[in-house]
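K.L.:
Data: target-v1.txt, compact mmCIF, C-alpha atoms (C1' of nucleotides).
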# COMPACT_ATOMS: atom_id res chain seq x y z
CA MET V 6 78.86 80.28 81.65
CA SER V 7 82.10 81.93 80.83
CA THR V 8 84.61 80.06 82.97
CA PRO V 9 83.02 77.04 84.60
CA GLY V 10 83.64 76.20 88.22
CA PHE V 11 83.17 79.67 89.63
CA SER V 12 80.17 81.04 91.45
CA GLU V 13 77.64 83.25 89.72
CA GLN V 14 78.93 86.28 91.49
CA THR V 15 82.52 85.55 90.65
CA SER V 16 81.66 84.99 87.01
CA ALA V 17 79.94 88.32 86.89
CA LEU V 18 82.95 90.04 88.41
CA LEU V 19 85.21 88.28 85.94
CA SER V 20 83.19 89.67 83.06
CA GLN V 21 83.44 93.16 84.48
CA ALA V 22 87.16 92.76 85.00
CA SER V 23 87.60 91.55 81.47
CA LEU V 24 85.84 94.61 80.14
CA ALA V 25 87.81 96.93 82.37
CA CYS V 26 91.04 95.46 81.07
CA SER V 27 90.18 95.76 77.42
CA ARG V 28 89.13 99.34 77.96
CA ARG V 29 92.66 99.91 79.19
CA GLY V 30 94.32 98.00 76.40
CA THR V 31 95.41 95.09 78.55
CA GLN V 32 94.16 91.55 78.37
CA LEU V 33 92.67 89.35 81.02
CA THR V 34 93.98 86.13 79.55
CA GLU V 35 92.63 82.73 80.45
CA LEU V 36 95.37 82.15 82.99
CA ARG V 37 94.90 85.52 84.66
CA ARG V 38 91.18 84.99 84.61
CA LYS V 39 91.55 81.69 86.42
CA VAL V 40 93.79 83.18 89.08
CA LEU V 41 91.47 86.12 89.58
CA GLY V 42 88.56 83.72 89.83
CA LEU V 43 90.32 81.71 92.48
CA VAL V 44 91.00 84.82 94.51
CA LEU V 45 87.44 86.10 94.18
CA ASP V 46 85.90 82.74 94.96
CA SER V 47 87.73 82.47 98.24
CA ASP V 48 86.14 84.07 101.27
CA ARG V 49 89.52 84.35 102.95
CA PRO V 50 92.74 85.87 101.76
CA ALA V 51 94.50 83.41 99.50
CA GLY V 52 98.23 82.76 99.65
CA ALA V 53 100.18 82.52 96.42
CA TYR V 54 101.01 78.88 97.00
CA ASP V 55 97.43 78.02 97.89
CA LEU V 56 96.42 79.55 94.61
CA LEU V 57 99.16 77.61 92.91
CA ASP V 58 97.86 74.32 94.28
CA ARG V 59 94.33 75.08 93.25
CA LEU V 60 95.46 76.31 89.87
CA ARG V 61 97.27 73.06 89.22
CA ALA V 62 94.01 71.16 89.34
CA HIS V 63 93.08 72.65 85.98
CA HIS V 64 96.38 73.89 84.73
CA LYS V 65 99.13 71.33 84.88
CA GLY V 66 102.67 72.59 84.86
CA ALA V 67 101.97 75.75 86.83
CA ALA V 68 104.97 76.93 88.84
CA PRO V 69 105.51 79.80 91.28
CA PRO V 70 106.28 82.36 88.57
CA THR V 71 103.07 81.41 86.81
CA VAL V 72 101.03 82.55 89.77
CA TYR V 73 103.17 85.49 90.76
CA ARG V 74 103.09 86.94 87.27
CA ALA V 75 99.35 86.70 87.16
CA LEU V 76 99.08 88.26 90.60
CA ASP V 77 101.39 91.11 89.59
CA PHE V 78 99.21 91.83 86.62
CA LEU V 79 96.04 91.78 88.69
CA LEU V 80 97.61 94.09 91.25
CA GLU V 81 98.63 96.55 88.56
CA GLN V 82 95.14 96.51 87.19
CA GLY V 83 93.72 97.16 90.63
CA LEU V 84 91.66 93.98 90.50
CA ILE V 85 93.14 92.54 93.66
CA HIS V 86 95.02 93.74 96.71
CA LYS V 87 97.78 92.20 98.70
CA VAL V 88 97.38 92.01 102.45
CA GLU V 89 100.97 92.40 103.53
CA ARG V 90 100.52 91.17 107.06
CA LEU V 91 99.24 87.88 105.72
CA SER V 92 101.25 87.63 102.52
CA ALA V 93 97.93 86.91 100.89
CA PHE V 94 95.62 88.32 98.27
CA VAL V 95 92.02 89.47 98.21
CA GLY V 96 89.74 90.77 95.50
CA CYS V 97 89.27 94.52 95.29
CA ILE V 98 85.76 95.70 96.04
CA HIS V 99 85.87 98.86 94.03
CA ARG V 100 83.98 99.39 90.83
CA HIS V 101 86.78 99.50 88.40
CA ALA V 102 86.41 103.13 87.71
CA ASP V 103 88.81 104.31 85.10
CA ASP V 104 90.01 107.08 87.32
CA HIS V 105 93.10 105.06 87.87
CA ASP V 106 94.90 108.34 88.41
CA HIS V 107 94.48 109.50 91.98
CA PRO V 108 95.07 106.53 94.22
CA HIS V 109 92.98 105.55 97.17
CA ALA V 110 94.35 103.85 100.24
CA ALA V 111 93.47 100.19 100.50
CA GLN V 112 92.00 99.67 103.94
CA PHE V 113 91.56 96.28 105.52
CA LEU V 114 89.98 94.98 108.68
CA ILE V 115 91.58 91.64 109.47
CA CYS V 116 89.75 89.39 111.91
CA THR V 117 92.21 87.41 113.97
CA ARG V 118 89.52 84.90 114.94
CA CYS V 119 88.01 83.83 111.63
CA GLY V 120 90.75 85.07 109.33
CA ARG V 121 88.37 86.98 107.11
CA VAL V 122 89.40 90.31 105.70
CA THR V 123 86.99 93.12 104.97
CA GLU V 124 88.01 95.93 102.71
CA ILE V 125 86.58 99.27 103.68
CA GLU V 126 86.62 102.61 101.96
CA ASP V 127 86.67 105.28 104.54
CA GLY V 128 86.94 108.80 103.29
CA GLY V 129 87.99 110.10 106.68
CA VAL V 130 90.99 107.84 106.86
CA ASN V 131 91.92 108.77 103.34
CA ARG V 132 91.71 112.48 103.92
CA ALA V 133 93.62 112.27 107.17
CA LEU V 134 96.34 110.31 105.45
CA VAL V 135 96.66 112.67 102.52
CA GLN V 136 96.90 115.60 104.86
CA ALA V 137 99.40 113.96 107.16
CA ALA V 138 101.62 113.19 104.18
CA ARG V 139 101.38 116.70 102.81
CA GLN V 140 102.29 118.13 106.17
CA GLY V 141 105.64 116.39 105.99
CA GLY V 142 106.24 117.36 102.37
CA PHE V 143 105.75 113.76 101.38
CA ARG V 144 104.42 113.04 97.89
CA LEU V 145 101.97 110.25 98.49
CA ALA V 146 101.65 107.61 95.80
CA ARG V 147 99.71 104.86 97.51
CA ALA V 148 99.00 103.56 100.94
CA THR V 149 97.61 100.56 102.71
CA VAL V 150 95.96 100.41 106.08
CA GLU V 151 95.83 97.06 107.81
CA ALA V 152 93.88 96.82 111.03
CA GLU V 153 93.78 93.70 113.16
CA GLY V 154 91.03 92.89 115.57
CA VAL V 155 87.84 90.92 115.93
CA CYS V 156 84.99 91.26 113.45
CA ALA V 157 81.42 91.82 114.51
CA ALA V 158 80.37 88.25 113.77
CA CYS V 159 83.19 86.74 115.83
CA ALA V 160 82.73 89.23 118.66
CA ALA V 161 79.16 87.98 119.00
CA MET V 162 80.28 84.40 119.50
CA PRO V 163 81.36 82.77 122.76
CA ALA V 164 85.06 83.27 123.29
CA GLY V 165 87.16 80.67 121.55
CA ALA V 166 84.66 80.13 118.76
CA SER V 167 84.90 81.82 115.40
CA ALA V 168 82.20 82.85 113.01
CA GLY V 169 81.93 80.96 109.77
CA ALA V 170 83.67 77.77 108.72
CA MET Q 3 129.69 104.11 126.77
CA SER Q 4 127.49 101.22 127.56
CA THR Q 5 127.73 99.10 124.43
CA PRO Q 6 130.61 100.24 122.25
CA GLY Q 7 130.19 100.64 118.52
CA PHE Q 8 126.94 102.50 118.60
CA SER Q 9 126.37 106.20 118.10
CA GLU Q 10 125.78 108.53 121.03
CA GLN Q 11 122.13 108.81 120.20
CA THR Q 12 121.66 105.10 119.90
CA SER Q 13 123.41 104.50 123.20
CA ALA Q 14 121.10 106.96 124.86
CA LEU Q 15 118.06 105.25 123.41
CA LEU Q 16 119.40 101.91 124.54
CA SER Q 17 119.64 103.16 128.09
CA GLN Q 18 116.08 104.38 127.97
CA ALA Q 19 114.92 101.10 126.52
CA SER Q 20 116.72 99.18 129.19
CA LEU Q 21 114.99 101.18 131.88
CA ALA Q 22 111.61 100.81 130.23
CA CYS Q 23 112.05 97.05 130.17
CA SER Q 24 113.03 96.70 133.78
CA ARG Q 25 110.09 98.83 134.79
CA ARG Q 26 107.94 96.22 133.09
CA GLY Q 27 109.72 93.27 134.56
CA THR Q 28 111.38 92.18 131.34
CA GLN Q 29 115.05 92.26 130.54
CA LEU Q 30 116.89 93.87 127.71
CA THR Q 31 119.67 91.29 127.62
CA GLU Q 32 122.98 91.86 125.93
CA LEU Q 33 121.82 90.06 122.79
CA ARG Q 34 118.59 91.98 122.55
CA ARG Q 35 120.44 95.18 123.25
CA LYS Q 36 122.80 94.52 120.37
CA VAL Q 37 119.97 93.79 117.97
CA LEU Q 38 118.09 96.87 119.06
CA GLY Q 39 121.25 98.89 118.66
CA LEU Q 40 121.72 97.62 115.14
CA VAL Q 41 118.17 98.55 114.22
CA LEU Q 42 118.44 102.01 115.78
CA ASP Q 43 121.82 102.71 114.25
CA SER Q 44 120.56 102.07 110.75
CA ASP Q 45 118.97 104.96 108.92
CA ARG Q 46 117.01 102.55 106.72
CA PRO Q 47 114.75 99.70 107.62
CA ALA Q 48 116.86 96.65 108.41
CA GLY Q 49 116.01 93.17 107.21
CA ALA Q 50 116.33 90.28 109.62
CA TYR Q 51 119.14 88.70 107.64
CA ASP Q 52 120.98 91.99 107.34
CA LEU Q 53 120.84 92.25 111.08
CA LEU Q 54 121.99 88.67 111.34
CA ASP Q 55 125.05 89.38 109.22
CA ARG Q 56 125.94 92.43 111.24
CA LEU Q 57 125.28 90.64 114.48
CA ARG Q 58 127.67 87.87 113.52
CA ALA Q 59 130.54 90.32 113.47
CA HIS Q 60 130.45 90.48 117.26
CA HIS Q 61 128.43 87.45 118.11
CA LYS Q 62 129.63 84.27 116.50
CA GLY Q 63 127.19 81.42 116.15
CA ALA Q 64 124.15 83.60 115.60
CA ALA Q 65 121.49 81.92 113.50
CA PRO Q 66 118.11 83.07 112.16
CA PRO Q 67 116.22 82.17 115.34
CA THR Q 68 118.68 84.23 117.34
CA VAL Q 69 117.67 87.36 115.51
CA TYR Q 70 114.00 86.58 115.15
CA ARG Q 71 113.61 85.88 118.84
CA ALA Q 72 115.24 89.15 119.71
CA LEU Q 73 113.07 90.96 117.18
CA ASP Q 74 109.93 89.34 118.56
CA PHE Q 75 110.84 90.53 122.00
CA LEU Q 76 111.54 94.05 120.81
CA LEU Q 77 108.24 94.12 118.93
CA GLU Q 78 106.35 92.99 122.02
CA GLN Q 79 108.01 95.70 124.04
CA GLY Q 80 107.10 98.29 121.45
CA LEU Q 81 110.73 99.21 120.93
CA ILE Q 82 110.68 98.52 117.21
CA HIS Q 83 108.14 98.16 114.43
CA LYS Q 84 107.99 95.90 111.45
CA VAL Q 85 107.37 97.47 108.08
CA GLU Q 86 105.41 94.71 106.38
CA ARG Q 87 105.82 95.97 102.85
CA LEU Q 88 109.57 95.73 103.23
CA SER Q 89 109.81 92.79 105.60
CA ALA Q 90 112.10 95.02 107.59
CA PHE Q 91 112.37 96.62 110.98
CA VAL Q 92 112.70 100.17 112.25
CA GLY Q 93 113.07 101.69 115.68
CA CYS Q 94 109.96 103.09 117.29
CA ILE Q 95 109.98 106.82 117.81
CA HIS Q 96 107.63 106.94 120.72
CA ARG Q 97 108.61 107.72 124.22
CA HIS Q 98 108.12 104.41 125.87
CA ALA Q 99 105.17 105.51 127.89
CA ASP Q 100 103.91 102.78 130.11
CA ASP Q 101 100.40 103.19 128.79
CA HIS Q 102 100.96 100.04 126.86
CA ASP Q 103 97.24 99.49 127.03
CA HIS Q 104 95.45 101.38 124.30
CA PRO Q 105 97.31 100.79 121.09
CA HIS Q 106 98.22 103.41 118.57
CA ALA Q 107 98.46 102.78 114.87
CA ALA Q 108 101.99 102.62 113.57
CA GLN Q 109 102.17 104.96 110.61
CA PHE Q 110 104.98 104.94 108.08
CA LEU Q 111 105.96 107.07 105.13
CA ILE Q 112 108.16 104.97 102.88
CA CYS Q 113 110.25 106.78 100.30
CA THR Q 114 110.58 104.71 97.17
CA ARG Q 115 113.58 106.75 96.03
CA CYS Q 116 115.92 106.66 99.00
CA GLY Q 117 114.34 103.79 100.89
CA ARG Q 118 114.08 105.71 104.13
CA VAL Q 119 111.08 105.25 106.35
CA THR Q 120 109.65 107.96 108.56
CA GLU Q 121 107.31 107.07 111.33
CA ILE Q 122 104.62 109.63 111.95
CA GLU Q 123 102.05 109.96 114.66
CA ASP Q 124 98.99 111.54 113.21
CA GLY Q 125 96.03 111.83 115.52
CA GLY Q 126 93.66 112.44 112.65
CA VAL Q 127 94.51 109.18 110.97
CA ASN Q 128 94.18 107.39 114.27
CA ARG Q 129 90.81 108.84 115.07
CA ALA Q 130 89.47 108.19 111.59
CA LEU Q 131 90.62 104.61 111.83
CA VAL Q 132 89.09 103.99 115.22
CA GLN Q 133 85.82 105.42 114.04
CA ALA Q 134 85.79 103.49 110.79
CA ALA Q 135 86.35 100.26 112.67
CA ARG Q 136 83.64 100.99 115.20
CA GLN Q 137 81.22 101.75 112.41
CA GLY Q 138 81.56 98.21 111.16
CA GLY Q 139 81.31 96.71 114.63
CA PHE Q 140 84.94 95.77 114.40
CA ARG Q 141 86.91 95.52 117.65
CA LEU Q 142 90.21 97.13 116.76
CA ALA Q 143 93.32 95.74 118.38
CA ARG Q 144 96.11 97.28 116.38
CA ALA Q 145 96.73 98.77 113.00
CA THR Q 146 99.52 99.76 110.71
CA VAL Q 147 99.49 102.35 107.98
CA GLU Q 148 102.12 102.11 105.29
CA ALA Q 149 102.28 104.88 102.74
CA GLU Q 150 104.56 104.83 99.73
CA GLY Q 151 105.73 107.90 97.91
CA VAL Q 152 108.61 110.32 97.64
CA CYS Q 153 109.99 112.11 100.65
CA ALA Q 154 110.58 115.83 100.74
CA ALA Q 155 114.35 115.49 100.40
CA CYS Q 156 114.12 113.24 97.35
CA ALA Q 157 111.39 115.32 95.75
CA ALA Q 158 113.78 118.28 95.82
CA MET Q 159 116.41 116.38 93.86
CA PRO Q 160 116.66 116.04 90.08
CA ALA Q 161 114.69 113.04 88.91
CA GLY Q 162 116.64 109.82 89.11
CA ALA Q 163 118.75 110.98 92.01
CA SER Q 164 117.99 110.12 95.59
CA ALA Q 165 118.69 112.01 98.75
CA GLY Q 166 121.29 110.60 101.09
CA ALA Q 167 123.71 107.75 100.47
C1' DC Y 28 119.18 69.53 146.24
C1' DC Y 29 115.52 69.99 142.87
C1' DG Y 30 112.38 71.74 139.75
C1' DC Y 31 110.98 75.64 137.28
C1' DC Y 32 111.57 79.39 134.20
C1' DA Y 33 113.68 82.59 130.90
C1' DC Y 34 117.18 82.82 127.66
C1' DT Y 35 120.15 81.14 124.17
C1' DG Y 36 122.53 77.69 120.81
C1' DC Y 37 121.80 74.95 117.04
C1' DT Y 38 119.94 71.99 113.22
C1' DA Y 39 116.76 71.50 110.11
C1' DC Y 40 112.92 72.78 107.57
C1' DG Y 41 108.80 75.37 105.67
C1' DT Y 42 107.07 79.28 103.20
C1' DT Y 43 107.24 83.18 100.19
C1' DA Y 44 109.22 85.41 96.15
C1' DT Y 45 112.29 86.23 92.22
C1' DA Y 46 116.20 85.63 88.67
C1' DA Y 47 117.34 84.07 84.42
C1' DC Y 48 116.61 82.03 80.27
C1' DC Y 49 113.78 80.08 76.76
C1' DT Y 50 109.56 79.24 73.56
C1' DG Y 51 105.87 80.73 70.83
C1' DA Y 52 102.12 83.75 69.12
C1' DA Y 53 100.69 88.24 67.24
C1' DC Y 54 101.70 92.16 64.61
C1' DG Y 55 103.59 96.08 62.13
C1' DA Y 56 107.58 97.82 59.07
C1' DG Y 57 110.42 97.28 55.47
C1' DC G 16 107.21 87.36 53.26
C1' DT G 17 110.48 87.74 56.96
C1' DC G 18 112.51 90.28 60.29
C1' DG G 19 112.37 92.54 64.56
C1' DT G 20 109.65 93.58 68.52
C1' DT G 21 106.46 92.90 72.18
C1' DC G 22 103.80 90.32 75.25
C1' DA G 23 102.46 86.01 77.56
C1' DG G 24 103.87 82.08 79.54
C1' DG G 25 107.00 77.61 80.62
C1' DT G 26 110.87 75.84 83.24
C1' DT G 27 114.68 75.46 86.39
C1' DA G 28 116.95 77.01 90.04
C1' DT G 29 117.73 79.84 93.90
C1' DA G 30 117.16 83.82 96.98
C1' DA G 31 114.88 85.75 100.92
C1' DC G 32 112.06 85.37 104.87
C1' DG G 33 110.49 82.85 108.86
C1' DT G 34 109.69 78.86 112.30
C1' DA G 35 109.70 74.12 114.76
C1' DG G 36 111.79 71.66 117.97
C1' DC G 37 115.11 70.20 121.12
C1' DA G 38 119.09 70.73 124.12
C1' DG G 39 121.95 73.33 127.36
C1' DT G 40 122.70 76.80 130.96
C1' DG G 41 122.03 79.71 134.81
C1' DG G 42 119.21 82.03 138.22
C1' DC G 43 115.91 81.56 141.82
C1' DG G 44 112.34 79.76 145.00
C1' DG G 45 110.99 75.82 147.46
Now, as a test, write the supplied structure out as structure tokens.
P.N.:
Amino acid sequence: MSTPGFSEQTSALLSQASLACSRRGTQLTELRRKVLGLVLDSDRPAGAYDLLDRLRAHHKGAAPPTVYRALDFLLEQGLIHKVERLSAFVGCIHRHADDHDHPHAAQFLICTRCGRVTEIEDGGVNRALVQAARQGGFRLARATVEAEGVCAACAAMPAGASAGA
Amino acid sequence: MSTPGFSEQTSALLSQASLACSRRGTQLTELRRKVLGLVLDSDRPAGAYDLLDRLRAHHKGAAPPTVYRALDFLLEQGLIHKVERLSAFVGCIHRHADDHDHPHAAQFLICTRCGRVTEIEDGGVNRALVQAARQGGFRLARATVEAEGVCAACAAMPAGASAGA
DNA sequence: CCGCCACTGCTACGTTATAACCTGAACGAG
DNA sequence: CTCGTTCAGGTTATAACGTAGCAGTGGCGG
């Protein structure tokens, strides 16, 4: 039971993340671990101030920079992504392969009904993007794809309803 | 010389935009025209408050909602795009075809050296995206692709320099 | 004349993000 | 050991981005 209060799955991911960090010579401190846990435990994208509120339950004195610094670290480590359209954060689904070198495009499907975000990893999109950039002489560093629409679960519901809580 | 103070090219685009709006039964009012002109005349993405400052020069009493309402209108009309990563706005390059129906993905190449943003229109990326969404049963409504990197002009410069002003 | 609608003015506020400065712990070099 | 350095985090304040809500005005159809 590493950090109590998180689901089994989240705890497992936290352990992986911790390992990945130490392999890279960075540390997943207790604070960063808590923030990462909060992000992973949420089934929706989490806003920085939501995280801050939740963090305060177990970490009195937390302020905006507390959360933002942790989030910056987690972003650098590739453990989370930011969904720009929502100003919110989600866990990264990728195995934390150490091939940190050649960047993949983060791709999100954002459901406007239920608010859930699914990260996908589509090679076709990636390849198309790399080629399009090259065509314009653009040196691609990283990219994000954010698609809005209705997820399969919500599309199956009567209009007006939304899947999940 | 419709609205003075804008470049030839911008004025031409404004005329087109005006026509496109009236064809759709909406109006490009003087205020909206000015805001659109400011966006088009800028060679970098323009933040809402930048626009507000510039707008105030010729339009006293402008407040945040003044600009945001105009921007919302222009976004709805497809005359501008928002670059989420920058919280800033750029003119849309597309001919304002009236096939407003099936949405294209806005695709941006953002240069981290000079700050310029190039909109591209890559069919491959679009197709890959549509297919990826369909594969997950996701009903795609709209999407944006934001790629960061170094543009051709900046890549040709000595490191540390940036192309353009 | 009246009510409706689209547009704008204006005040205030909510939300998101960062600057700047300080403390303390860990650690290697001299 | 003790100094400098680096990294993590605390604390205060403020910048930057965005919206709610209400009031006024002017056109236009009934």
K.L.:
Please, which residues are within 12 Å of (109.0, 84.3, 100.3) by the file's coordinates, counting all atoms listed in the file, and could they come as a ChimeraX atom specification?
P.N.:
/V:52-54,69,73,89,91-93 /Q:88-89 /Y:41-45 /G:29-33
K.L.:
Take every atom of stretch 32-43 of chain Y listed in the file, pad by 4 Å on each side, and give me the axis-aligned box centre and edge lengths in Å, one decimal, as JSON.
P.N.:
{"center_x": 114.8, "center_y": 77.3, "center_z": 117.2, "size_x": 23.5, "size_y": 19.7, "size_z": 42.0}
K.L.:
State, in Å with one decimal place, the distance from atom CA of V:Arg59 to atom CA of V:Leu33.
P.N.:
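Interatomic distance, atom CA of V:Arg59 to atom CA of V:Leu33: 18.9 Å.
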K.L.:
Using only C-alpha atoms (C1' of nucleotides), which protein or nucleic acid residues come within 12 Å of G:DG45? Drop anything in the same chain fewer than 5 positions from it, and give the result as an MDAnalysis selection string.
P.N.:
chainID Y and resid 28:31
K.L.:
Using all atoms listed in the file, which residues sit within 9 Å of V:Val72 once same-chain residues fewer than 6 positions away are excluded, as a PDB file with C-alpha atoms, in the frame of the given file?
P.N.:
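Generated file (part_6.pdb):
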ATOM      1  CA  LEU V  36      95.370  82.150  82.990  1.00  0.00           C
ATOM      2  CA  ARG V  37      94.900  85.520  84.660  1.00  0.00           C
ATOM      3  CA  VAL V  40      93.790  83.180  89.080  1.00  0.00           C
ATOM      4  CA  ALA V  53     100.180  82.520  96.420  1.00  0.00           C
ATOM      5  CA  TYR V  54     101.010  78.880  97.000  1.00  0.00           C
ATOM      6  CA  LEU V  56      96.420  79.550  94.610  1.00  0.00           C
ATOM      7  CA  LEU V  57      99.160  77.610  92.910  1.00  0.00           C
ATOM      8  CA  LEU V  60      95.460  76.310  89.870  1.00  0.00           C
TER       9      LEU V  60
END
K.L.:
Let me make sure I understand: among Y:DC40, Y:DA47, Y:DG55, Y:DC32, which one has the smallest atom-to-atom distance to chain V if we use all atoms listed in the file?
P.N.:
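Distance minimum relative to chain V lands on Y:DA47.
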K.L.:
For chain V versus chain G, which residues have an atom no more than 9 Å away, and what is each residue's nearest atom pair and distance in Å rounded to one decimal, using all atoms listed in the file, chain-then-number order, as a Markdown table?
P.N.:
| residue | atom | partner | partner_atom | distance |
| --- | --- | --- | --- | --- |
| V:Thr34 | CA | G:DA23 | C1' | 8.7 |
| V:Gly66 | CA | G:DG25 | C1' | 7.9 |
| V:Ala67 | CA | G:DG25 | C1' | 8.2 |
| V:Ala68 | CA | G:DT26 | C1' | 8.2 |
| V:Thr71 | CA | G:DG24 | C1' | 7.3 |
K.L.:
Sorted by chain and rising residue number, list the residues of chain V at most 12 Å from chain Q (counting all atoms listed in the file), each with its closest atom pair and distance in Å to one decimal, as a tab-separated table.
P.N.:
residue	atom	partner	partner_atom	distance
V:Lys87	CA	Q:Arg87	CA	9.8
V:Val88	CA	Q:Arg87	CA	9.3
V:Glu89	CA	Q:Glu86	CA	5.8
V:Arg90	CA	Q:Glu86	CA	6.1
V:Leu91	CA	Q:Glu86	CA	9.2
V:Ser92	CA	Q:Glu86	CA	9.1
V:Pro108	CA	Q:Glu150	CA	11.1
V:His109	CA	Q:Ala149	CA	10.9
V:Ala110	CA	Q:Ala149	CA	8.4
V:Ala111	CA	Q:Val147	CA	9.8
V:Gln112	CA	Q:Val147	CA	8.9
V:Phe113	CA	Q:Ala145	CA	9.4
V:Leu114	CA	Q:Ala135	CA	7.5
V:Ile115	CA	Q:Leu142	CA	9.2
V:Cys116	CA	Q:Phe140	CA	8.4
V:Thr117	CA	Q:Ala143	CA	9.5
V:Arg118	CA	Q:Arg141	CA	11.3
V:Arg121	CA	Q:Phe140	CA	11.9
V:Val122	CA	Q:Phe140	CA	11.2
V:Thr123	CA	Q:Gly138	CA	9.7
V:Glu124	CA	Q:Gly138	CA	10.9
V:Ile125	CA	Q:Ala134	CA	8.3
V:Glu126	CA	Q:Ala134	CA	8.9
V:Asp127	CA	Q:Ala134	CA	6.6
V:Gly128	CA	Q:Ala130	CA	8.7
V:Gly129	CA	Q:Ala130	CA	5.5
V:Val130	CA	Q:Ala130	CA	5.0
V:Asn131	CA	Q:Val127	CA	8.1
V:Arg132	CA	Q:Val127	CA	8.3
V:Ala133	CA	Q:Val127	CA	5.0
V:Leu134	CA	Q:Val127	CA	5.9
V:Val135	CA	Q:Val127	CA	9.4
V:Gln136	CA	Q:Gly126	CA	9.0
V:Ala137	CA	Q:Asp124	CA	6.5
V:Ala138	CA	Q:Leu111	CA	7.6
V:Arg139	CA	Q:Ala154	CA	9.5
V:Gln140	CA	Q:Ala154	CA	10.2
V:Gly141	CA	Q:Ala154	CA	7.2
V:Gly142	CA	Q:Ala154	CA	4.9
V:Phe143	CA	Q:Cys153	CA	4.6
V:Arg144	CA	Q:Val152	CA	5.0
V:Leu145	CA	Q:Gly151	CA	4.5
V:Ala146	CA	Q:Gly151	CA	4.6
V:Arg147	CA	Q:Glu150	CA	5.3
V:Ala148	CA	Q:Ala149	CA	4.0
V:Thr149	CA	Q:Glu148	CA	5.4
V:Val150	CA	Q:Val147	CA	4.5
V:Glu151	CA	Q:Thr146	CA	5.4
V:Ala152	CA	Q:Ala145	CA	4.0
V:Glu153	CA	Q:Arg144	CA	5.3
V:Gly154	CA	Q:Leu142	CA	4.5
V:Val155	CA	Q:Arg141	CA	5.0
V:Cys156	CA	Q:Phe140	CA	4.6
V:Ala157	CA	Q:Gly139	CA	4.9
V:Ala158	CA	Q:Gly139	CA	8.6
V:Cys159	CA	Q:Phe140	CA	9.3
V:Ala160	CA	Q:Arg141	CA	7.6
V:Ala161	CA	Q:Gly139	CA	10.0
K.L.:
Record the distance separating atom CA of Q:Gly117 and atom CA of Q:Met159, expressed in Å with one decimal.
P.N.:
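Atom-to-atom, atom CA of Q:Gly117 and atom CA of Q:Met159 are spaced 14.6 Å apart.
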K.L.:
Residues within 6 Å of stretch 94-99 of chain V, please, as a list of chain:residue names. Count all atoms listed in the file; anything in the same chain fewer than 6 positions from it doesn't count.
P.N.:
V:Leu45, V:Pro50, V:Ala51, V:Leu84, V:Ile85, V:His86, V:Lys87, V:Val88
K.L.:
Of the candidates Q:Leu40, Q:Arg25, Q:Ser164, Q:Glu32, which one gets nearest to Y:DC34 if we count all atoms listed in the file?
P.N.:
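Residue with the minimum atom-to-atom distance to Y:DC34: Q:Glu32.
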